[in-house]
Amino acid sequence: MRLTDIAFQNLRRRKMRSALLVISVVIGVAAIIFLYSTTQAMKEDVANKLDQYGSNILILPDTGEAMTFGGITVEAPTQVKELDMSLLPLMQTIKNKETLATIAPKLLVNTNLKGQEVLLLGVDFPQEFQLKKWWKVDGLSKNQLPSSGEVILGSDVALSLNLTLQQNVSIKGQDFKVAGIIQPTGSAENDQAVFMDLAVLQTLANRPNAISLIETAALCYTCPIEEVTQQLSDKLQGTKVTALKSTLESRDTTVNKFNLFARSVSLILFLASSLVITMTMKSSVEERTREIGILRAIGFRKRHIIQIVLTEAGLLSLLGGLLGYLLGMGAAVYFGSALVKAEVLIPWQSDLLVYALGASLLIGLLGSLYPAWKAARLDPTESLRYM
Amino acid sequence: MSLIKVCEVTKTYKGGDGVVEALKAINLEIAEGEFLALMGPSGSGKSTLLSVLGGLNPPTSGKLIIDDIDVYALAPERLADFRHEYVGFVFQQYQLIPYLTALENVMLPLAITSRPGKEQQEMAHTVLEKVGLGSKALRLPNQLSGGEQNRVAIARAIVNKPAIIFADEPTGSLDSKTATELLELFQVLNRDGLTIIMVTHNKENLAWVSRAVYIRDGILAPAPQES
């Protein structure tokens with residue numbers, strides 16, 4: 001017979017109390033695992049959505065002279081050493097190509113319309129709309145894209161040129177219909193530009209295959225942006241690949257709030273579970289005063305009593321941890337994504353089992369330290385008065 | 001030669017009515033191999049004296065010397081080791097642990113030794129055979145009669161081969177036949193060399209012991225006159 005046998009037999013005898021303690025650990029661990037897994041999914045989902053909301057990587061020609069585009073340094077159109085369309089398929093060959101959610105190439109051309117200097121932007125409309133989710137375009141219904149004979153205007157351009165929807169405008173000798181006018185966005189590159197099909201502008205400007213820059217939205221939650229940027233730089237010779245730190249910092253700030261929330265709730269659950277265990281074990285020890293008195297009288301040291309109490313708590317906590325992991329992980333995998341309306345699947349994370357068992361053991365042992373210490377301090381004579 | 005020396009042992013408690021003197025300057029020597037009865041009326045201090053002798057209850061003053069060891073000068077954990085090595089207790093109401101079998105109850109003192117499980121089982125079986133319960137080793141306490149439970153308690157007290165057995169009213173709740181069987185068992189153990197100190201208020205038990213000590217109001221007293 002060993003001390004563990006005494007602990008084990010006691011647990012077998014006090015099934016209801018043991019079950020209560022296991023349940024309290026199960027609830028605590030399951031809630032923490034569920035919260036952790038779903039928060040991870042929420043973080044990834046939010047991060048992905050934020051990553052798609054505007055670009056976070058900009059690809060420019062690698063030359064010196066510059067102009068400003070949306071606060072970003074861009075080569076002046078007249079001096080630009082142009083990029084070309086052959087870069088686009090190359091981008092799909094990087095190791096983390098699946099993180100490139102949107103690739104929006106652009107050609108920037110200055111022109112004169114009705115006596116005013118205007119910036120023409122040739123864009124890939126499906127990619128551009130995906131990138132500029134905040135655009136509200138009058139004249140276009142949802143998911144409707146302009147055709148090759150149509151343009152959309154920034155609000156300032158429409159106002160200064162006195163153009164309205166469905167009117168025709170002549171650009172470089174070709175007529176285009178105004179299919180949409182972007183509601184004011186507050187940024188010059190949107191409000192002061194004319195957007196048209198990229199291929200059409202390349203033809204009009206007599207610059208076939210030319211592009212001035214590529215805006216990219218990379219999903220950087222699972223892959224650090226620095227890695228994607230480096231991979232693109234390696235593939236796209238003669239370009240300057242820049243990560244937009246401010247966008248990333250804003251994304252990280254939001255995502256970190258999820259971390260803080262998850263940690264705070266987990267800590268509260270951890271403390272609550274520990275408290276329940278403390279109360280359960282304390283009550284168990286008080287019920288066993290007589291037994292402890294007998295053990296002390298026949299020569300058990302204080303540490304033997306502590307060992308018995310902690311063994312009991314440890315065994316129940318490990319069982320609770322295992323069941324809590326299965327329950328929490330199962331609930332997260334099967335219901336987590338739907339519950340938090342995340343577009344990310346929660347995988348079964350077997351590595352969390354180690355953390356669940358570790359955390360449950362910690363909860364159990366911390367919660368039982370005081371009752372164990374109290375049990376060990378019982379005076380055998382006082383305890384035997386219960387006889 | 002004295003195995004136990006009680007020197008000027010006093011024990012006081014703080015009670016609701018002030019300080020209660022349970023033991024008053026007790027001096028007593030008990031030789032190795034004695035079967036001693038501690039007798040006295042209820043509240044006389046005999047159970048308190050037994051707990052002091054057993055290393056469970058430090059005296060307020062005075063000394064307890066067992067086998068030349070100043071028992072209460074030992075550090076608390078060494079005192080526990082001392083009880084484990086020198087002392088076996090047979091408590092009132094047997095005090096078996098209800099969720100352990102008779103065999104496991106007997107093995108309890110061995111659980112904190114380094115003896116292998118098989119050796120522990122053999123030792124426990126041997127003493128259960130000695131007290132006549134070899135066939136009931138796997139029964140739980142509630143599946144045993146009062147006398148049988150008492151025998152399990154004795155087996156638990158002697159399994160670790162202590163020098164002294166302290167028994168607190170061991171026959172108190174037994175019928176006369178079972179009580180006689182128990183005292184016979186004590187006598188056998190005593191003949192094997194065990195020193196036994198038994199608290200009892202039953203004069204009939206005196207026939208089995210080698211010496212009786214009377215205590216009244218916390219002091220050792222002469223034997224009461226038969227009326």
# chains A, B, ... in the order shown; residues from 1 in each chain; ligands from 1

call {"tool": "interface_residues", "arguments": {"of": "chain A", "to": "chain B", "cutoff": "12 Å", "atoms": "only C-alpha atoms", "output": "ChimeraX atom specification"}}
result
/A:1-15,288-305,307-308,376-387

call {"tool": "residues_around", "arguments": {"residues": "A:Leu35", "least_positions_apart": "6", "cutoff": "12 Å", "atoms": "only C-alpha atoms", "output": "count of residues only"}}
result
30

call {"tool": "closest_residue", "arguments": {"among": "B:Tyr72, B:Ala155, B:Glu122, B:Asn205", "to": "B:Val106", "atoms": "only C-alpha atoms"}}
result
B:Ala155

call {"tool": "closest_residue", "arguments": {"among": "B:Leu185, B:Ala212, B:Ala102, B:Val90", "to": "B:Val131", "atoms": "only C-alpha atoms"}}
result
B:Leu185

call {"tool": "closest_residue", "arguments": {"among": "A:Ala101, A:Leu369, A:Ala313, A:Ala375", "to": "A:Lys49", "atoms": "only C-alpha atoms"}}
result
A:Ala101

call {"tool": "select_by_dssp", "arguments": {"residues": "stretch 180-309 of chain A", "states": "helix (DSSP H, G or I)", "output": "number ranges by chain"}}
result
A: 188-191, 198-204, 225-235, 245-287, 289-297, 302-309

call {"tool": "write_last_selection", "arguments": {"atoms": "C-alpha atoms", "output": "PDB file, in the first residue's frame"}}
result
ATOM      1  CA  ALA A 188      -7.167  62.393 -52.769  1.00  0.00           C
ATOM      2  CA  GLU A 189      -6.257  59.185 -54.616  1.00  0.00           C
ATOM      3  CA  ASN A 190      -9.916  58.179 -54.610  1.00  0.00           C
ATOM      4  CA  ASP A 191     -11.689  61.538 -54.860  1.00  0.00           C
ATOM      5  CA  LEU A 198      -6.464  48.666 -66.755  1.00  0.00           C
ATOM      6  CA  ALA A 199      -6.153  47.087 -70.214  1.00  0.00           C
ATOM      7  CA  VAL A 200      -8.085  49.939 -71.797  1.00  0.00           C
ATOM      8  CA  LEU A 201      -5.831  52.572 -70.246  1.00  0.00           C
ATOM      9  CA  GLN A 202      -2.724  50.620 -71.255  1.00  0.00           C
ATOM     10  CA  THR A 203      -3.965  50.760 -74.863  1.00  0.00           C
ATOM     11  CA  LEU A 204      -5.016  54.402 -74.660  1.00  0.00           C
ATOM     12  CA  ILE A 225       4.176  40.230 -43.239  1.00  0.00           C
ATOM     13  CA  GLU A 226       7.954  40.489 -43.186  1.00  0.00           C
ATOM     14  CA  GLU A 227       8.208  36.973 -44.596  1.00  0.00           C
ATOM     15  CA  VAL A 228       5.701  37.622 -47.393  1.00  0.00           C
ATOM     16  CA  THR A 229       7.426  40.904 -48.218  1.00  0.00           C
ATOM     17  CA  GLN A 230      10.794  39.195 -48.388  1.00  0.00           C
ATOM     18  CA  GLN A 231       9.441  36.394 -50.569  1.00  0.00           C
ATOM     19  CA  LEU A 232       7.929  38.950 -52.970  1.00  0.00           C
ATOM     20  CA  SER A 233      11.158  40.955 -53.061  1.00  0.00           C
ATOM     21  CA  ASP A 234      13.088  37.815 -53.945  1.00  0.00           C
ATOM     22  CA  LYS A 235      10.732  36.954 -56.782  1.00  0.00           C
ATOM     23  CA  LYS A 245       3.300  49.303 -41.086  1.00  0.00           C
ATOM     24  CA  SER A 246       0.526  51.635 -40.023  1.00  0.00           C
ATOM     25  CA  THR A 247      -2.119  49.269 -41.417  1.00  0.00           C
ATOM     26  CA  LEU A 248      -0.505  46.341 -39.642  1.00  0.00           C
ATOM     27  CA  GLU A 249      -0.169  48.176 -36.360  1.00  0.00           C
ATOM     28  CA  SER A 250      -3.834  49.081 -36.477  1.00  0.00           C
ATOM     29  CA  ARG A 251      -4.685  45.439 -37.214  1.00  0.00           C
ATOM     30  CA  ASP A 252      -2.456  44.233 -34.374  1.00  0.00           C
ATOM     31  CA  THR A 253      -4.019  46.674 -31.934  1.00  0.00           C
ATOM     32  CA  THR A 254      -7.461  45.297 -32.700  1.00  0.00           C
ATOM     33  CA  VAL A 255      -6.349  41.683 -32.570  1.00  0.00           C
ATOM     34  CA  ASN A 256      -4.511  42.239 -29.295  1.00  0.00           C
ATOM     35  CA  LYS A 257      -7.745  43.378 -27.720  1.00  0.00           C
ATOM     36  CA  PHE A 258      -9.080  39.865 -28.341  1.00  0.00           C
ATOM     37  CA  ASN A 259      -6.010  38.459 -26.626  1.00  0.00           C
ATOM     38  CA  LEU A 260      -6.504  40.699 -23.642  1.00  0.00           C
ATOM     39  CA  PHE A 261     -10.182  39.770 -23.417  1.00  0.00           C
ATOM     40  CA  ALA A 262      -9.447  36.034 -23.666  1.00  0.00           C
ATOM     41  CA  ARG A 263      -6.693  36.241 -21.052  1.00  0.00           C
ATOM     42  CA  SER A 264      -8.824  38.229 -18.635  1.00  0.00           C
ATOM     43  CA  VAL A 265     -11.778  35.856 -18.871  1.00  0.00           C
ATOM     44  CA  SER A 266      -9.474  32.827 -18.630  1.00  0.00           C
ATOM     45  CA  LEU A 267      -7.880  34.244 -15.489  1.00  0.00           C
ATOM     46  CA  ILE A 268     -11.294  34.790 -13.919  1.00  0.00           C
ATOM     47  CA  LEU A 269     -12.354  31.224 -14.817  1.00  0.00           C
ATOM     48  CA  PHE A 270      -9.063  29.906 -13.483  1.00  0.00           C
ATOM     49  CA  LEU A 271      -9.551  31.698 -10.162  1.00  0.00           C
ATOM     50  CA  ALA A 272     -13.200  30.649  -9.949  1.00  0.00           C
ATOM     51  CA  SER A 273     -12.321  26.989 -10.551  1.00  0.00           C
ATOM     52  CA  SER A 274      -9.525  27.145  -8.005  1.00  0.00           C
ATOM     53  CA  LEU A 275     -11.913  28.632  -5.461  1.00  0.00           C
ATOM     54  CA  VAL A 276     -14.486  25.879  -6.025  1.00  0.00           C
ATOM     55  CA  ILE A 277     -11.743  23.276  -5.594  1.00  0.00           C
ATOM     56  CA  THR A 278     -10.515  24.977  -2.425  1.00  0.00           C
ATOM     57  CA  MET A 279     -14.003  24.900  -0.957  1.00  0.00           C
ATOM     58  CA  THR A 280     -14.615  21.278  -2.014  1.00  0.00           C
ATOM     59  CA  MET A 281     -11.285  20.024  -0.687  1.00  0.00           C
ATOM     60  CA  LYS A 282     -11.625  22.050   2.508  1.00  0.00           C
ATOM     61  CA  SER A 283     -14.984  20.502   3.162  1.00  0.00           C
ATOM     62  CA  SER A 284     -13.565  17.055   2.314  1.00  0.00           C
ATOM     63  CA  VAL A 285     -10.724  17.551   4.778  1.00  0.00           C
ATOM     64  CA  GLU A 286     -13.121  18.681   7.503  1.00  0.00           C
ATOM     65  CA  GLU A 287     -15.233  15.582   6.922  1.00  0.00           C
ATOM     66  CA  THR A 289     -10.814  15.003  10.549  1.00  0.00           C
ATOM     67  CA  ARG A 290     -11.126  11.684  12.385  1.00  0.00           C
ATOM     68  CA  GLU A 291      -9.318   9.777   9.631  1.00  0.00           C
ATOM     69  CA  ILE A 292      -6.529  12.307   9.525  1.00  0.00           C
ATOM     70  CA  GLY A 293      -6.253  12.068  13.299  1.00  0.00           C
ATOM     71  CA  ILE A 294      -5.838   8.287  13.054  1.00  0.00           C
ATOM     72  CA  LEU A 295      -3.190   8.618  10.359  1.00  0.00           C
ATOM     73  CA  ARG A 296      -1.284  11.233  12.360  1.00  0.00           C
ATOM     74  CA  ALA A 297      -1.543   9.064  15.506  1.00  0.00           C
ATOM     75  CA  LYS A 302       2.448  16.254   7.946  1.00  0.00           C
ATOM     76  CA  ARG A 303       3.905  15.857   4.482  1.00  0.00           C
ATOM     77  CA  HIS A 304       2.239  12.457   4.141  1.00  0.00           C
ATOM     78  CA  ILE A 305      -1.156  14.057   4.810  1.00  0.00           C
ATOM     79  CA  ILE A 306      -0.385  16.872   2.345  1.00  0.00           C
ATOM     80  CA  GLN A 307       0.700  14.270  -0.184  1.00  0.00           C
ATOM     81  CA  ILE A 308      -2.580  12.356   0.169  1.00  0.00           C
ATOM     82  CA  VAL A 309      -4.729  15.481  -0.203  1.00  0.00           C
TER      83      VAL A 309
END

call {"tool": "residues_around", "arguments": {"residues": "A:Leu357", "least_positions_apart": "4", "cutoff": "10 Å", "atoms": "only C-alpha atoms", "output": "list of chain:residue names"}}
result
A:Val29, A:Ser317, A:Leu318, A:Leu319, A:Gly320, A:Gly321, A:Leu322, A:Leu323, A:Gly324, A:Tyr325, A:Leu352, A:Leu353, A:Leu361, A:Leu362, A:Ile363

call {"tool": "closest_residue", "arguments": {"among": "A:Lys114, A:Lys172, A:Arg17, A:Lys97", "to": "A:Ser160", "atoms": "only C-alpha atoms"}}
result
A:Lys114

call {"tool": "residues_around", "arguments": {"residues": "stretch 17-23 of chain B", "least_positions_apart": "6", "cutoff": "8 Å", "atoms": "only C-alpha atoms", "output": "list in words"}}
result
Val9, Thr10, Lys11, Ser44, Gly45, Thr48, Leu49, Asp217, Gly218 and Ile219 of chain B

call {"tool": "select_by_dssp", "arguments": {"residues": "stretch 63-276 of chain A", "states": "strand (DSSP E or B)", "output": "MDAnalysis selection string"}}
result
chainID A and resid 67:69 72:74 83:84 100:113 116:123 137:138 150:153 168:171 174:182 193:197 210:211 213:218 239:243

call {"tool": "atom_distance", "arguments": {"atom1": "atom CA of A:Asn56", "atom2": "atom CA of A:Ser148"}}
result
27.6 Å

call {"tool": "residues_around", "arguments": {"residues": "B:Ala223", "least_positions_apart": "2", "cutoff": "10 Å", "atoms": "only C-alpha atoms", "output": "ChimeraX atom specification"}}
result
/B:39-40,212-215,220-221,225-226

call {"tool": "write_last_selection", "arguments": {"atoms": "N, CA and C atoms", "output": "tab-separated table (two decimals), in the first residue's frame"}}
result
chain	number	residue	atom	x	y	z
B	39	MET	N	-6.72	2.73	35.47
B	39	MET	CA	-8.12	2.71	35.89
B	39	MET	C	-8.51	4.01	36.56
B	40	GLY	N	-9.77	4.27	36.53
B	40	GLY	CA	-10.26	5.46	37.20
B	40	GLY	C	-11.64	5.81	36.68
B	212	ALA	N	-2.10	-2.70	37.91
B	212	ALA	CA	-3.11	-1.67	37.67
B	212	ALA	C	-2.67	-0.39	38.36
B	213	VAL	N	-2.92	0.74	37.68
B	213	VAL	CA	-2.62	2.05	38.26
B	213	VAL	C	-3.93	2.82	38.29
B	214	TYR	N	-4.20	3.44	39.42
B	214	TYR	CA	-5.47	4.18	39.57
B	214	TYR	C	-5.18	5.67	39.48
B	215	ILE	N	-6.11	6.33	38.85
B	215	ILE	CA	-5.97	7.79	38.75
B	215	ILE	C	-7.31	8.41	39.12
B	220	LEU	N	-2.25	10.14	40.64
B	220	LEU	CA	-2.25	8.70	40.89
B	220	LEU	C	-2.71	8.45	42.32
B	221	ALA	N	-3.57	7.44	42.43
B	221	ALA	CA	-4.20	7.20	43.73
B	221	ALA	C	-4.08	5.74	44.09
B	225	GLN	N	-10.83	0.79	47.94
B	225	GLN	CA	-11.19	-0.34	48.80
B	225	GLN	C	-12.47	-0.98	48.28
B	226	GLU	N	-12.46	-2.35	48.25
B	226	GLU	CA	-13.68	-3.06	47.85
B	226	GLU	C	-14.72	-2.87	48.93
